[in-house]
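Working notes for the structure below.
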Amino acid sequence: MDRLEDLQERKRYDPHEAEARVWARWDEAGIFHPKPEGESAENFSIAIPPPNVTGVLHMGHALNGSLQDALIRLNRMKGRRSKWILGTDHAGIATQVKVEEALREEGLTKEDLGRDKFIERVWEWRADYGGRIIEQYKRLGASCDYEDERFTMDPAYARAVMEVFVRLHEKGLIYRDNFLVNWDPGTRSAISDLEVEQRRVEDVMYEVDYPLASGSGSLTVATVRPETMLADSAIAVNPGDERYTRLIGEHAILPLVGRRLPIIADEHVDTDFGTGALKITPGHDPADFEIGRRNGLTEHTVIGEDGRMTEEAGERFAGLPVGEAREAVVAALREEGALSGTRPYVHDVPHSHRSGERIEPLISLQWFMDMGGLSEPAIAAAKDGTVRFHPERPHKQVYLDWLENIRPWCVSRQLWWGHRIPAWYRGDEIHVGTEAPAGDGWEQDPDVLDTWFSSGLWPFATLGWPEQTPELEAFYATDVLSTARDIIFLWVARMVMLGIEFTGEVPFTDVPVHSTIQAPDGRRMSKSLGTGIDPLDEIETHGADALRFGLLAMASSQDVRYSPEKVAQGEDLANKLWNASRLVLLQVGDARPEPRSAAPEDAWIVSRLERATREINADYEAFRLSRAALGMYEAFWSEVCDWYLEMAKPRLYENDPDVAATLLWVLERCLLLMHPVMPFVTEEVWSHMPGAEGLLAAARWPEPDDSLLTDEQPVQDQIDAITALRRYRNEVDVPPRVVLRARSDLGEQVARLARFEWVGDPGDAVAQVAVPGGVVEVLAADEIDTEGVERRREGEREKLRAEIARAQKKLANEGFVAKAPAEVVEAQREKLARYEEELARLGS
């Protein structure tokens, strides 16, 4: 079947039928796997934020995937070797939890299997389930390098991880120490800050009297965790707090225990919290830990890794779970007469995202990484513009604030699945190296590295580092890292630090920070809340192109609510493109694309699309992909379909060769502009273009061409006249089938598209419609409802006044103007100007 017969048969665009076939053509051509040639400056690369091997595609993946794919496709079309580095993260805790759940269904635990057998089961689980999200990215149309998929536990990647650990240890930047960590009693492991979530909790604030050792009274301290007071080492007050300055240097007695506690001064004590006197428990509170280290305090531990009280808590409380211990301590304080008051207290409490249990800050012997020396080059990179955030505000400052106040990083985890720490012990001896030491009696550290440690190497370890591979030469440093704001410091900053340390270069130069897509009602998307929307369901219903367009169109730099209307708009756009393309392609015969200027409207549309190309290109370069998508929509739907195609139809049906060549050029340009956002439908239409060679995905992006620009005003005047006349018809409620009579010299095209007939009758005009350069005098007709005009106009004025008030209120909000991205504020100002102009036209 030739291309025309195929078009004749396929009156509707069916994404389900087309997408699989188009994907197969891309895959067969191998265009997503560029040869590792040239240098990174002439090539283009993005390292995909590696999804967890446990994961399935969610709306965040779909948005970020659409954004990255648009940039990759654009640069591929610009002739650059473009590599979208693909792979998955081993996701230590998440994966281990999944496999342990599967074992429980068999009545087993990981301890029943032993470490080696358990690791074998994890690899089996990964083989069965680990590739799901990769196949789902294909459904989205993501043009990743699937031939070079990486996994953070692959042997080559694991070697890079070991190499980094050993080198940092040799420099003294990785060390073993007792330090406070986020301890998850549920998983029995230290966890990262990202795996900690704050939950609002209703607690009780207890006021406890600590007798002064001098016998001259007591000092009242407020706490929500009386069970931890058994580990108190001091009481701290602010040196500027006049209530307590006389007590600094004295001692108090710890109730229930009898330990003497020094009363110390520390400027970090908040005078407004509780009584202004703070019990210091270095072993169980992050702020107290810092105060304790500054003041050389003893670090007691009364809560164990199992979430129960330790022997140091005393015989009365040892072995109790934390909740029961709290009740027992409160009861004991009451018996002793040391509890002077209670009141309700609502606050945020850290919980484990994995187990759901309350985080216990515990001092633990762990491996830590000193970040101070590594942070300085990363700070400089952002300050001098080597690494750029889009939008810059507030994300650059978030990045800098974290780096400038950076703390040691606990990199060890008490898990079995992950990169095992390359440290071996024999008595008091320790060996750190990429290989096990020779000799008997050595035992390897049982812990594994934090997943964020290995993912921090992602941009260069995926390309073969530490070997100097052709891939590393061709595609490192990468160009773009697209991410959500919640991992700017957890991942982005760490990649910058480690990239500079081990390659001498930043791992990427531009960091677009994309929106968080919320549920339509404004809540976060969540399966458990019932607010999740599955992107695969949306692809099944509307097609991948519709979802991609919808996500990019709705996604500014702020949090946005998911908009089914924007996805439907994308589906309509795909159908409109198919229908308009059929109309043109079935009519132009064997013509070839060429921009001609046989009629004013031909030169106008060529010029308009040339300007649109430049604007869309500028939006891509500034990472304004929402504007690029909407600009593409406007150019095709409004200027091509609503105006040029309607102007050109009579000549098209008369087989005018000039309009055929121009229409094909217009269609070709639109396919090129739309392809990065809507790759499937554009590739499908491209395959029906006369004389088209190869794939659209590998076609060249248009270069600027000043010869295509022209004076657009004459045709714009026609469009404005048609718009004014159509508006008048709506105001007087004339049906579309009725042709009105009027006096004008605007020409046949304006008359045809506005549904008017120009006459020379001397009759009285019932209305004068202002158009560019003059007026059109409308003659009387039975269908004109002059009495309803003012009523309808007043309704329009009321709507406009409400919109103007809404926009003015927003722009008067100093917080919005100061904090919202500049393009969002400017869009609001443009909207207000449009409303005011329209109100003035209607007569305010």
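Labeling convention for the structure tokens: chains A, B, ... as they appear, residues from 1 per chain, ligands from 1 in order of appearance.
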- Non-local contacts of segment 694-701 of chain A (10 Å; only C-alpha atoms; under 6 positions in same chain excluded) as a PyMOL selection string: chain A and resi 22+25-26+29+31-32+73-79+143+613+617+668-669+671-673+675-676+679-680+682-687
Show which residues sit within 12 Å of Arg167 of chain A, as a compact mmCIF listing (two decimals) with all heavy atoms, in the first residue's frame. Count only C-alpha atoms, and ignore same-chain residues fewer than 5 positions away.
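Resulting contents of around.txt:
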# COMPACT_ATOMS: atom_id res chain seq x y z
N ALA A 160 34.04 1.17 40.15
CA ALA A 160 34.17 2.62 40.30
C ALA A 160 33.84 3.05 41.73
O ALA A 160 34.51 3.91 42.31
CB ALA A 160 33.26 3.34 39.30
N VAL A 161 32.80 2.44 42.31
CA VAL A 161 32.40 2.78 43.68
C VAL A 161 33.52 2.45 44.66
O VAL A 161 33.87 3.26 45.54
CB VAL A 161 31.10 2.04 44.05
CG1 VAL A 161 30.74 2.29 45.52
CG2 VAL A 161 29.94 2.49 43.15
N MET A 162 34.09 1.26 44.52
CA MET A 162 35.18 0.86 45.41
C MET A 162 36.39 1.79 45.26
O MET A 162 37.04 2.18 46.23
CB MET A 162 35.61 -0.58 45.12
CG MET A 162 34.53 -1.63 45.37
SD MET A 162 33.94 -1.69 47.09
CE MET A 162 32.34 -0.86 46.93
N GLY A 172 42.04 10.70 53.73
CA GLY A 172 41.54 11.02 55.06
C GLY A 172 40.14 11.59 55.06
O GLY A 172 39.66 12.07 56.10
N LEU A 173 39.47 11.53 53.93
CA LEU A 173 38.12 12.11 53.84
C LEU A 173 37.03 11.10 54.20
O LEU A 173 35.89 11.48 54.45
CB LEU A 173 37.87 12.66 52.43
CG LEU A 173 38.76 13.84 52.02
CD1 LEU A 173 38.48 14.26 50.60
CD2 LEU A 173 38.55 15.01 52.97
N ILE A 174 37.37 9.82 54.20
CA ILE A 174 36.45 8.79 54.69
C ILE A 174 37.10 8.16 55.91
O ILE A 174 38.28 7.78 55.88
CB ILE A 174 36.12 7.75 53.61
CG1 ILE A 174 35.09 8.32 52.63
CG2 ILE A 174 35.59 6.46 54.23
CD1 ILE A 174 34.61 7.35 51.57
N TYR A 175 36.33 8.06 57.00
CA TYR A 175 36.88 7.57 58.26
C TYR A 175 35.76 6.90 59.05
O TYR A 175 34.58 7.04 58.74
CB TYR A 175 37.45 8.74 59.07
CG TYR A 175 36.45 9.84 59.33
CD1 TYR A 175 35.67 9.85 60.49
CD2 TYR A 175 36.26 10.87 58.40
CE1 TYR A 175 34.73 10.85 60.71
CE2 TYR A 175 35.32 11.88 58.61
CZ TYR A 175 34.56 11.85 59.76
OH TYR A 175 33.63 12.83 59.98
N MET A 369 31.99 10.51 55.84
CA MET A 369 32.74 11.21 54.80
C MET A 369 32.79 12.69 55.17
O MET A 369 31.76 13.33 55.39
CB MET A 369 32.04 11.02 53.45
CG MET A 369 32.77 11.57 52.27
SD MET A 369 31.96 10.91 50.78
CE MET A 369 32.57 12.09 49.57
N PRO A 422 34.55 -1.71 51.46
CA PRO A 422 35.81 -2.42 51.21
C PRO A 422 36.81 -2.25 52.35
O PRO A 422 37.92 -1.72 52.18
CB PRO A 422 36.32 -1.78 49.92
CG PRO A 422 35.82 -0.37 49.99
CD PRO A 422 34.48 -0.45 50.69
N VAL A 432 41.83 -1.21 54.16
CA VAL A 432 40.86 -0.63 53.22
C VAL A 432 41.49 -0.70 51.83
O VAL A 432 42.59 -0.18 51.61
CB VAL A 432 40.51 0.82 53.57
CG1 VAL A 432 39.62 1.44 52.50
CG2 VAL A 432 39.83 0.88 54.93
N GLY A 433 40.82 -1.36 50.90
CA GLY A 433 41.36 -1.49 49.55
C GLY A 433 40.34 -2.07 48.60
O GLY A 433 39.28 -2.57 49.03
N THR A 434 40.63 -2.01 47.32
CA THR A 434 39.70 -2.54 46.32
C THR A 434 39.73 -4.07 46.29
O THR A 434 38.84 -4.70 45.72
CB THR A 434 40.02 -1.99 44.92
OG1 THR A 434 41.38 -2.31 44.61
CG2 THR A 434 39.82 -0.49 44.87
N PRO A 466 36.76 4.24 36.31
CA PRO A 466 38.01 5.00 36.21
C PRO A 466 38.83 4.76 34.94
O PRO A 466 39.90 5.35 34.80
CB PRO A 466 38.78 4.53 37.45
CG PRO A 466 38.29 3.14 37.68
CD PRO A 466 36.85 3.14 37.30
N LEU A 498 31.67 15.17 43.82
CA LEU A 498 32.42 13.98 43.43
C LEU A 498 32.90 14.07 41.99
O LEU A 498 33.99 13.57 41.65
CB LEU A 498 31.56 12.74 43.65
CG LEU A 498 31.26 12.44 45.12
CD1 LEU A 498 30.18 11.37 45.26
CD2 LEU A 498 32.52 11.99 45.85
N GLU A 501 35.99 16.24 42.07
CA GLU A 501 37.08 15.55 42.77
C GLU A 501 37.74 14.49 41.90
O GLU A 501 38.97 14.35 41.90
CB GLU A 501 36.53 14.91 44.06
CG GLU A 501 37.53 14.05 44.81
CD GLU A 501 38.65 14.83 45.46
OE1 GLU A 501 38.55 16.07 45.59
OE2 GLU A 501 39.65 14.18 45.88
N PHE A 502 36.94 13.74 41.13
CA PHE A 502 37.51 12.58 40.44
C PHE A 502 37.71 12.77 38.94
O PHE A 502 38.39 11.95 38.32
CB PHE A 502 36.65 11.35 40.72
CG PHE A 502 36.79 10.87 42.13
CD1 PHE A 502 35.84 11.19 43.08
CD2 PHE A 502 37.91 10.16 42.52
CE1 PHE A 502 35.99 10.79 44.40
CE2 PHE A 502 38.08 9.76 43.84
CZ PHE A 502 37.11 10.07 44.79
- What is the distance between atom CA of Ala94 of chain A and atom CA of Phe489 of chain A, in Å to one decimal?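 Calculated distance between atom CA of Ala94 of chain A and atom CA of Phe489 of chain A is 20.7 Å.
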- Message: I need the helix (DSSP H, G or I) residues of segment 507-689 of chain A per DSSP on the backbone, written as a count of residues only.
- Response: 118
- Message: Set the distance at 12 Å and use only C-alpha atoms: which residues neighbour Thr541 of chain A once local chain neighbours fewer than 3 positions away are removed? I'd like the list as an MDAnalysis selection string.
- Response: chainID A and resid 14:16 534:538 544:547 564 567:568 571
Suppose we keep C-alpha atoms; can you now write the selection as a PDB file, in the first residue's frame?
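So result.pdb came out as:
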ATOM      1  CA  ASP A  14      -4.873   5.866  16.367  1.00  0.00           C
ATOM      2  CA  PRO A  15      -1.961   6.252  18.799  1.00  0.00           C
ATOM      3  CA  HIS A  16      -2.160   2.653  19.995  1.00  0.00           C
ATOM      4  CA  ASP A 534      -0.918   6.270  36.484  1.00  0.00           C
ATOM      5  CA  PRO A 535       0.853   7.722  33.432  1.00  0.00           C
ATOM      6  CA  LEU A 536       0.492   4.398  31.640  1.00  0.00           C
ATOM      7  CA  ASP A 537      -3.298   4.637  32.010  1.00  0.00           C
ATOM      8  CA  GLU A 538      -3.142   8.129  30.507  1.00  0.00           C
ATOM      9  CA  ALA A 544       1.966   9.121  24.675  1.00  0.00           C
ATOM     10  CA  ASP A 545       2.168  12.373  22.694  1.00  0.00           C
ATOM     11  CA  ALA A 546      -0.895  13.748  24.460  1.00  0.00           C
ATOM     12  CA  LEU A 547       0.547  12.985  27.892  1.00  0.00           C
ATOM     13  CA  PRO A 564      -6.564  16.462  32.465  1.00  0.00           C
ATOM     14  CA  VAL A 567      -3.608  16.228  28.257  1.00  0.00           C
ATOM     15  CA  ALA A 568      -6.888  16.390  26.309  1.00  0.00           C
ATOM     16  CA  GLU A 571      -4.739  14.630  22.230  1.00  0.00           C
TER      17      GLU A 571
END
- Note on the structure: Across A:Ser556, A:Gln414, A:Thr95, A:Gln397, the smallest distance to Ala382 of chain A, with only C-alpha atoms counted, is shown by A:Gln397
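Here atom CA of Val166 of chain A stands at a distance of 21.3 Å from atom CA of Leu472 of chain A.
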Write out as an mmCIF file with N, CA, C and O atoms, in the first residue's frame each polymer residue whose atoms come within 10 Å of Leu709 of chain A, counting only C-alpha atoms; drop sequence neighbours fewer than 5 positions from it.
data_model
loop_
_atom_site.group_PDB
_atom_site.id
_atom_site.type_symbol
_atom_site.label_atom_id
_atom_site.label_comp_id
_atom_site.auth_asym_id
_atom_site.auth_seq_id
_atom_site.Cartn_x
_atom_site.Cartn_y
_atom_site.Cartn_z
ATOM 1 N N ALA A 603 3.777 34.238 2.011
ATOM 2 C CA ALA A 603 4.950 34.884 2.615
ATOM 3 C C ALA A 603 4.730 35.100 4.112
ATOM 4 O O ALA A 603 5.665 34.967 4.920
ATOM 5 N N TRP A 604 3.481 35.409 4.492
ATOM 6 C CA TRP A 604 3.165 35.650 5.905
ATOM 7 C C TRP A 604 3.399 34.403 6.750
ATOM 8 O O TRP A 604 4.069 34.461 7.787
ATOM 9 N N ILE A 605 2.869 33.240 6.315
ATOM 10 C CA ILE A 605 2.994 32.043 7.151
ATOM 11 C C ILE A 605 4.447 31.580 7.210
ATOM 12 O O ILE A 605 4.916 31.113 8.250
ATOM 13 N N VAL A 606 5.189 31.734 6.109
ATOM 14 C CA VAL A 606 6.602 31.361 6.124
ATOM 15 C C VAL A 606 7.355 32.230 7.138
ATOM 16 O O VAL A 606 8.161 31.735 7.935
ATOM 17 N N SER A 607 7.063 33.513 7.143
ATOM 18 C CA SER A 607 7.713 34.424 8.081
ATOM 19 C C SER A 607 7.306 34.124 9.520
ATOM 20 O O SER A 607 8.135 34.117 10.432
ATOM 21 N N ARG A 608 6.007 33.860 9.716
ATOM 22 C CA ARG A 608 5.531 33.570 11.071
ATOM 23 C C ARG A 608 6.197 32.314 11.636
ATOM 24 O O ARG A 608 6.584 32.262 12.796
ATOM 25 N N LEU A 609 6.321 31.270 10.814
ATOM 26 C CA LEU A 609 6.935 30.037 11.295
ATOM 27 C C LEU A 609 8.438 30.202 11.523
ATOM 28 O O LEU A 609 9.014 29.575 12.418
ATOM 29 N N GLU A 610 9.073 31.053 10.725
ATOM 30 C CA GLU A 610 10.492 31.329 10.959
ATOM 31 C C GLU A 610 10.667 32.023 12.313
ATOM 32 O O GLU A 610 11.571 31.690 13.091
ATOM 33 N N ARG A 611 9.783 32.981 12.611
ATOM 34 C CA ARG A 611 9.876 33.655 13.920
ATOM 35 C C ARG A 611 9.548 32.683 15.049
ATOM 36 O O ARG A 611 10.185 32.692 16.111
ATOM 37 N N PRO A 704 18.385 29.331 11.390
ATOM 38 C CA PRO A 704 17.797 30.658 11.111
ATOM 39 C C PRO A 704 18.063 31.079 9.666
ATOM 40 O O PRO A 704 19.150 30.868 9.136
#
- Message: I'd like the neighbourhood of segment 819-834 of chain A as an MDAnalysis selection string, where a residue qualifies if any of its atoms comes within 12 Å (using only C-alpha atoms), though same-chain residues fewer than 4 positions away should be ignored.
- Response: chainID A and resid 390:395 513 555:559 619 622:627 800:815 838:841
